[in-house]
Amino acid sequence: MESVESIIVYVVIALSIMIFSVLAVTTRKILRSATFLLFSLFATAAVYFLLGYQFLGGVQIAVYAGGIVVLFVFSILLTSHPGDNSSKLESKSKAAGLTGAIATFIVCAWSLISRCSVIKDLPDMGVTQLPDMQQIGSHLMSSGDKGYLLPFEAISVLLLACIIGGIVVARKK
């Protein structure tokens, strides 16, 4: 049975994810938005650590909170003036955004509810053993049937192309 402390910690982390996510998309200053995104990604890593997935939490911090947000900030500083406010949305844009948000919420709620009903019908498989670091590393760096070396390299080339694109856009000014 779960302890009350872990439930309280989970609720605090979940609330911080929701608050920082809303702040990231509603603030008009772009650097503040990137900062709120960073806090939201750190809180997501905290959820992984709370669930016992230390490797996934570390990857979340290193790749997303460390790499992607730094790339966003680098792109923001190269392409715009960080102190400027973004323009206010027109009422047409607000209505479209609200419609999209409600539709996304309905789809997420439906998928969560249908997934929970499927989980109840599954037989008990017993406790599964988590993979160790050697197994994860060998799968990530192998080029065989179940290897992830090719997607890993494709993502690194994509990130390099994004960096070069940001430099080209910044040089045109």
# chains A, B, ... in the order shown; residues from 1 in each chain; ligands from 1
>>> residues_around(residues="Gly66 of chain A", least_positions_apart="4", cutoff="10 Å", atoms="only C-alpha atoms", output="PyMOL selection string")
chain A and resi 38+41-42+59-62+70-71
>>> residues_around(residues="Gly137 of chain A", least_positions_apart="5", cutoff="10 Å", atoms="only C-alpha atoms", output="PyMOL selection string")
chain A and resi 132+142+147-148
>>> closest_residue(among="A:Ala34, A:Val47, A:Ile155, A:Ala95", to="Ile7 of chain A", atoms="only C-alpha atoms")
A:Val47
>>> decode(residues="segment 28-39 of chain A", atoms="all heavy atoms", output="mmCIF file, in the first residue's frame")
data_model
loop_
_atom_site.group_PDB
_atom_site.id
_atom_site.type_symbol
_atom_site.label_atom_id
_atom_site.label_comp_id
_atom_site.auth_asym_id
_atom_site.auth_seq_id
_atom_site.Cartn_x
_atom_site.Cartn_y
_atom_site.Cartn_z
ATOM 1 N N ARG A 28 3.612 36.220 -21.990
ATOM 2 C CA ARG A 28 3.873 36.908 -23.252
ATOM 3 C C ARG A 28 5.359 37.132 -23.474
ATOM 4 O O ARG A 28 5.764 37.551 -24.542
ATOM 5 C CB ARG A 28 3.122 38.234 -23.272
ATOM 6 C CG ARG A 28 1.615 37.975 -23.324
ATOM 7 C CD ARG A 28 0.803 39.221 -23.376
ATOM 8 N NE ARG A 28 1.194 40.044 -24.499
ATOM 9 C CZ ARG A 28 1.063 41.357 -24.507
ATOM 10 N NH1 ARG A 28 0.571 41.973 -23.465
ATOM 11 N NH2 ARG A 28 1.434 42.045 -25.559
ATOM 12 N N LYS A 29 6.188 36.860 -22.489
ATOM 13 C CA LYS A 29 7.635 36.998 -22.638
ATOM 14 C C LYS A 29 8.218 35.628 -22.958
ATOM 15 O O LYS A 29 8.024 34.663 -22.230
ATOM 16 C CB LYS A 29 8.249 37.564 -21.376
ATOM 17 C CG LYS A 29 7.746 38.963 -21.055
ATOM 18 C CD LYS A 29 8.740 39.708 -20.262
ATOM 19 C CE LYS A 29 8.249 41.092 -19.953
ATOM 20 N NZ LYS A 29 8.556 42.031 -20.991
ATOM 21 N N ILE A 30 8.971 35.540 -24.052
ATOM 22 C CA ILE A 30 9.392 34.246 -24.585
ATOM 23 C C ILE A 30 10.452 33.570 -23.713
ATOM 24 O O ILE A 30 10.456 32.348 -23.573
ATOM 25 C CB ILE A 30 9.829 34.390 -26.052
ATOM 26 C CG1 ILE A 30 9.924 33.034 -26.704
ATOM 27 C CG2 ILE A 30 11.106 35.165 -26.158
ATOM 28 C CD1 ILE A 30 9.926 33.074 -28.198
ATOM 29 N N LEU A 31 11.331 34.338 -23.096
ATOM 30 C CA LEU A 31 12.323 33.708 -22.221
ATOM 31 C C LEU A 31 11.687 33.178 -20.940
ATOM 32 O O LEU A 31 12.107 32.144 -20.417
ATOM 33 C CB LEU A 31 13.446 34.693 -21.878
ATOM 34 C CG LEU A 31 14.579 34.743 -22.883
ATOM 35 C CD1 LEU A 31 15.629 35.742 -22.476
ATOM 36 C CD2 LEU A 31 15.198 33.394 -23.095
ATOM 37 N N ARG A 32 10.689 33.870 -20.432
ATOM 38 C CA ARG A 32 9.958 33.339 -19.271
ATOM 39 C C ARG A 32 9.251 32.043 -19.647
ATOM 40 O O ARG A 32 9.176 31.116 -18.848
ATOM 41 C CB ARG A 32 8.942 34.357 -18.774
ATOM 42 C CG ARG A 32 9.550 35.466 -17.996
ATOM 43 C CD ARG A 32 8.487 36.330 -17.394
ATOM 44 N NE ARG A 32 9.079 37.538 -16.854
ATOM 45 C CZ ARG A 32 8.397 38.598 -16.528
ATOM 46 N NH1 ARG A 32 7.084 38.628 -16.692
ATOM 47 N NH2 ARG A 32 9.009 39.649 -16.039
ATOM 48 N N SER A 33 8.723 31.984 -20.862
ATOM 49 C CA SER A 33 8.062 30.777 -21.326
ATOM 50 C C SER A 33 9.041 29.600 -21.358
ATOM 51 O O SER A 33 8.704 28.493 -20.933
ATOM 52 C CB SER A 33 7.470 31.016 -22.712
ATOM 53 O OG SER A 33 6.856 29.860 -23.195
ATOM 54 N N ALA A 34 10.255 29.838 -21.840
ATOM 55 C CA ALA A 34 11.269 28.777 -21.860
ATOM 56 C C ALA A 34 11.658 28.372 -20.439
ATOM 57 O O ALA A 34 11.900 27.188 -20.170
ATOM 58 C CB ALA A 34 12.492 29.243 -22.636
ATOM 59 N N THR A 35 11.699 29.327 -19.522
ATOM 60 C CA THR A 35 12.023 29.012 -18.130
ATOM 61 C C THR A 35 10.922 28.171 -17.492
ATOM 62 O O THR A 35 11.206 27.203 -16.772
ATOM 63 C CB THR A 35 12.236 30.306 -17.329
ATOM 64 O OG1 THR A 35 13.238 31.088 -17.979
ATOM 65 C CG2 THR A 35 12.665 30.007 -15.907
ATOM 66 N N PHE A 36 9.677 28.518 -17.740
ATOM 67 C CA PHE A 36 8.573 27.720 -17.208
ATOM 68 C C PHE A 36 8.564 26.313 -17.811
ATOM 69 O O PHE A 36 8.233 25.337 -17.129
ATOM 70 C CB PHE A 36 7.230 28.415 -17.442
ATOM 71 C CG PHE A 36 7.048 29.667 -16.625
ATOM 72 C CD1 PHE A 36 6.482 30.793 -17.185
ATOM 73 C CD2 PHE A 36 7.447 29.737 -15.304
ATOM 74 C CE1 PHE A 36 6.306 31.949 -16.452
ATOM 75 C CE2 PHE A 36 7.285 30.880 -14.550
ATOM 76 C CZ PHE A 36 6.710 31.993 -15.127
ATOM 77 N N LEU A 37 8.925 26.203 -19.090
ATOM 78 C CA LEU A 37 9.058 24.884 -19.711
ATOM 79 C C LEU A 37 10.138 24.076 -19.013
ATOM 80 O O LEU A 37 9.966 22.877 -18.765
ATOM 81 C CB LEU A 37 9.373 25.026 -21.198
ATOM 82 C CG LEU A 37 9.679 23.730 -21.947
ATOM 83 C CD1 LEU A 37 8.453 22.839 -21.992
ATOM 84 C CD2 LEU A 37 10.182 24.029 -23.339
ATOM 85 N N LEU A 38 11.252 24.721 -18.678
ATOM 86 C CA LEU A 38 12.327 24.047 -17.959
ATOM 87 C C LEU A 38 11.841 23.509 -16.612
ATOM 88 O O LEU A 38 12.107 22.357 -16.259
ATOM 89 C CB LEU A 38 13.499 25.008 -17.755
ATOM 90 C CG LEU A 38 14.677 24.488 -16.952
ATOM 91 C CD1 LEU A 38 15.408 23.400 -17.732
ATOM 92 C CD2 LEU A 38 15.617 25.621 -16.604
ATOM 93 N N PHE A 39 11.094 24.319 -15.867
ATOM 94 C CA PHE A 39 10.566 23.863 -14.578
ATOM 95 C C PHE A 39 9.583 22.703 -14.753
ATOM 96 O O PHE A 39 9.560 21.765 -13.949
ATOM 97 C CB PHE A 39 9.879 25.011 -13.840
ATOM 98 C CG PHE A 39 10.819 26.083 -13.374
ATOM 99 C CD1 PHE A 39 10.381 27.383 -13.227
ATOM 100 C CD2 PHE A 39 12.147 25.809 -13.076
ATOM 101 C CE1 PHE A 39 11.233 28.381 -12.799
ATOM 102 C CE2 PHE A 39 13.014 26.790 -12.650
ATOM 103 C CZ PHE A 39 12.551 28.091 -12.506
#
